[in-house]
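A.B. asks: Okay, handing you the structure first.
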Amino acid sequence: MVEETALAAELDGSALVQRAQEGDSSAFEMLYRREVGRIYALCLRMTADEVRAATLTQDTFVRAWRRLGQFREASSFSTWLYRIGVNVVLTSERSNARRRARVVSKGDRSDLEAATRTAQPDVTRGEGSRRDAALDLEEAIGRLPTQAKAVLILHEIEGYTHAEIGEMLEIATGTSKAHLHRARTLLKEMLKA
Amino acid sequence: MKNVTHIDRYVQDYLDGELEADQLKQVETHLASCLQCLERVHDMRNLADAISTLPGQIEPPLDLWPDVEMRISEVLDDRVGSYNGTVRGRHAQLKSKSGHQVRPPTTGLPVARSTPAEDSNGPFISDDPLPAKARRRRRLRLRPAAAAAVVVAVFAVVLWTVNAFYSDSWDVERLAGAPQIADALLTERGAMRAGDWLTTDGASRARLRAGIIGDVEVNRNTRLQLRRTDLSDHRISLESGSIHARIWAPPRLFIVETPAATAVDLGCIYSLAVDSAGRSILRVESGYVELQRDGRTRIVPAGAMCIADSERGPGTAFAEDTSPRLRAALERYDFSGASAEDLTIVLAEARTQDALTLWQLLERADRDRRVRIYDRLTELVDAPPGASRNGVIAGTSEEMRMWRRHLGLEALTWTEYAFQKLAFWRK
């Protein structure tokens, strides 16, 4: 493990990608270790379901491995992978219309709560309310319509521009803006309620 | 009525810094005199700030890499473009092509077995089978020579089968890259004898074929040795990497040794990987595999997985789609102290499909824990007729056996296997 860590530090992302493209699964594992947190966060927020998020995270990396030959360094590997993750999640959501329309249940919330607790440092006294607010926010995001949720995550958490989001989701820039507007408005209403 | 002079439509662009200079000036002028819009901007800004504090990364509760590694090791080089979602889809195609009976991925459940007719997606038995049988019998009676020919044919089949099961070498086919047998590079086809090592690097894969025993795909970065091949024992040692085996020989003929445990085939399709920590990860797609070491044995049915640790041997089998929380707690329970807290998590998280896991935990639990596990198990699955709570908690062998059969965890003996095959073909 120490050797692997040292090796990972030596190799920049492009060298790892090149090795992975040549079929080196240990290089791909290093890429996986770097990126899994982002991809899992995306999948968990989009599905509000820990089990599905884990499955979709796996699917994302398996699909990326299959398509490594198509990756060109015009974009970063991280962006390319994230785009695959978005597609995997949206395809899954589309194929399950019932889930797509559903409202997050208590059980779903517990997944998000557990994950958010793990992801955030331990809170000291007096900061509990801030954490509760974050959990409310996570729950509210989970209840957003799929497209609005995707745009919100990509824009607000990942920092992509509307042009990039439009390209990623194959929608017009204006549509991306409209989804973000809807997402923000709905979130505001949900958090006030 | 909404005041059309407010700036609702500009708030988002204003917050995102995307307004043109003249629009920005107008908005700021408006905000200077409109508390309502100012409040809305504050609300939206607070919301954006709150979202920006959410973690961009969340670690999965469980290391997903072993599963990813196993799945990517099975991906073929030339399948780009024909991807259909998951590698499991490819296995489903392979299974249906090979005509194997495939159990649904509902681990450990007393599921109704599908009939051969259902398996073949069409009428398996003719509309009027009895007259056909009668006609066959009549023909045999009328033609003794035909009966003699059948005897000869059966003898020939037996001879062929013996020959097929008995081979002192396995055929090796190159699937990608340049696998190595001993020190020689494999160009297209070759053979392995007992004692030979096969090594694949990050770009090579190979397929082993042992007569009619079955075949074994050797994935990338794998090293294995053919230990033995004779009539009663076909055995390889998997040192590292992963394989995908499709075995149609009778049970217990094909065996894979790994550093952590030995996998004994009971007639099935499965994947087996040895990770960098020396752990074995078994995933069964059809039939059963027995994972064993130092007297500890785990039956792993279709749709289930099992991990074996290099120090403690096989852990508890679990459904492939079990919750990550259950899986993480189970792994701690199996390999890091068997705490009551982890058992509580496992029991709380268990679904009907996890009856397999609960049963295997129950089998090795002390009396107090056995009571807890049994009570949870019977909340999820009906007890088999005739099996009592006290009998199971006391560990009465007959009642334990009834439960194992009920959950589909009783491995077939040679005789049972033969009768099952016979019954299948007679239909």
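Identifiers in this document derive from the order of the structure tokens: chains are assigned A, B, ..., residues are numbered from 1 separately in each chain, and ligands are numbered from 1 in order of occurrence.
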Please return, as a CSV table (one decimal) with C-alpha atoms, in the first residue's frame, all residues of chain A lying within 8 Å of chain B when only C-alpha atoms are considered.
C.D. replies:
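Printed below is iface21.csv as written:
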```
chain,number,residue,atom,x,y,z
A,22,GLU,CA,-2.7,0.4,-21.9
A,23,GLY,CA,-4.6,-2.0,-19.6
A,24,ASP,CA,-2.9,-1.4,-16.3
A,25,SER,CA,-5.6,-1.9,-13.7
A,29,GLU,CA,-7.2,1.8,-9.2
A,32,TYR,CA,-10.5,5.3,-8.9
A,36,VAL,CA,-14.5,7.9,-6.1
A,37,GLY,CA,-15.5,10.5,-3.5
A,38,ARG,CA,-16.8,12.9,-6.2
A,39,ILE,CA,-18.6,10.2,-8.2
A,40,TYR,CA,-20.2,8.6,-5.1
A,41,ALA,CA,-21.3,12.1,-3.9
A,50,GLU,CA,-27.0,4.4,-0.6
A,51,VAL,CA,-27.3,1.0,-2.3
A,54,ALA,CA,-22.8,2.3,-4.7
A,58,GLN,CA,-19.3,1.0,-9.8
A,59,ASP,CA,-21.1,1.2,-13.1
A,61,PHE,CA,-16.0,3.2,-13.2
A,62,VAL,CA,-16.7,0.1,-15.2
A,63,ARG,CA,-18.0,2.1,-18.1
A,65,TRP,CA,-12.7,1.5,-18.1
A,66,ARG,CA,-14.5,0.3,-21.2
A,67,ARG,CA,-14.3,3.7,-22.8
A,115,ALA,CA,-23.1,10.0,4.5
A,116,THR,CA,-23.1,13.7,5.4
A,118,THR,CA,-19.2,10.9,7.7
A,119,ALA,CA,-18.2,13.5,5.1
A,120,GLN,CA,-18.2,16.4,7.6
A,134,ALA,CA,-27.0,20.9,6.0
A,137,LEU,CA,-30.6,21.0,2.6
A,156,GLU,CA,-23.5,24.9,-7.4
A,157,ILE,CA,-21.3,22.1,-6.0
A,158,GLU,CA,-19.1,21.2,-8.9
A,181,HIS,CA,-33.7,28.8,-11.4
A,184,ARG,CA,-33.2,27.2,-6.3
A,188,LYS,CA,-36.1,27.9,-1.0
```
A.B. asks: Which one of B:Val289, B:Leu282, B:Ala206, B:Ile181 sits closest to Cys268 (chain B) if you count only C-alpha atoms?
C.D. replies: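 Among the listed residues, B:Val289 lies closest to Cys268 (chain B).
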A.B. asks: If we count only C-alpha atoms, what is near Arg279 (chain B) at a cut-off of 9 Å, once residues fewer than 6 positions away on the same chain are taken out, given as a PyMOL selection string?
C.D. replies: chain B and resi 258-261+273+307-310+313
A.B. asks: Residues within 9 Å of Leu361 (chain B), please, as a PyMOL selection string. Count only C-alpha atoms; anything in the same chain fewer than 5 positions from it doesn't count.
C.D. replies: chain B and resi 316+356+370+373
A.B. asks: Using only C-alpha atoms, which of B:Glu379, B:Asp8, B:Glu290, B:Asp171 sits nearest Thr262 (chain B)?
C.D. replies: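 Of all the options, B:Glu290 lies closest to Thr262 (chain B).
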A.B. asks: Find the residue from A:Met168, A:Leu31, A:Leu144, A:Leu44 that sits nearest to Arg83 (chain A); use only C-alpha atoms when measuring.
C.D. replies: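 Of A:Met168, A:Leu31, A:Leu144, A:Leu44, the one nearest Arg83 (chain A) is A:Met168, counting only C-alpha atoms.
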A.B. asks: Determine which residues of region 148-346 of chain B receive a DSSP assignment of alpha helix (DSSP H), computed from the backbone, and state them as a PyMOL selection string.
C.D. replies: chain B and resi 148-165+324-335+340-346
A.B. asks: Between CA of Arg193 (chain B) and CA of Gln225 (chain B), what is the distance, to one decimal in Å?
C.D. replies: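 Spanning CA of Arg193 (chain B) to CA of Gln225 (chain B) is a straight-line distance of 9.3 Å.
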A.B. asks: Of the candidates A:Ala48, A:Ala150, A:Ser75, A:Thr175, which one gets nearest to Leu135 (chain A) if we count only C-alpha atoms?
C.D. replies: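 That would be A:Ala48, the residue with the smallest distance to Leu135 (chain A).
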A.B. asks: Enumerate, as a PyMOL selection string, the complete set of residues in region 147-326 of chain B that a backbone-based DSSP assignment places in strand (DSSP E).
C.D. replies: chain B and resi 169-176+180-181+184-185+189-193+197-199+205-210+214-218+223-230+233-247+254-257+262-265+269-274+280-286+288-293+296-301+304-309+313-314+318-319
A.B. asks: Identify, on the basis of only C-alpha atoms, every residue whose closest approach to region 236-243 of chain B does not exceed 7 Å; exclude the query and any residue fewer than 2 positions from it along the same chain; express the result as a VMD selection string.
C.D. replies: chain B and resid 70 216 to 228 234 245 255 to 259 271 to 275
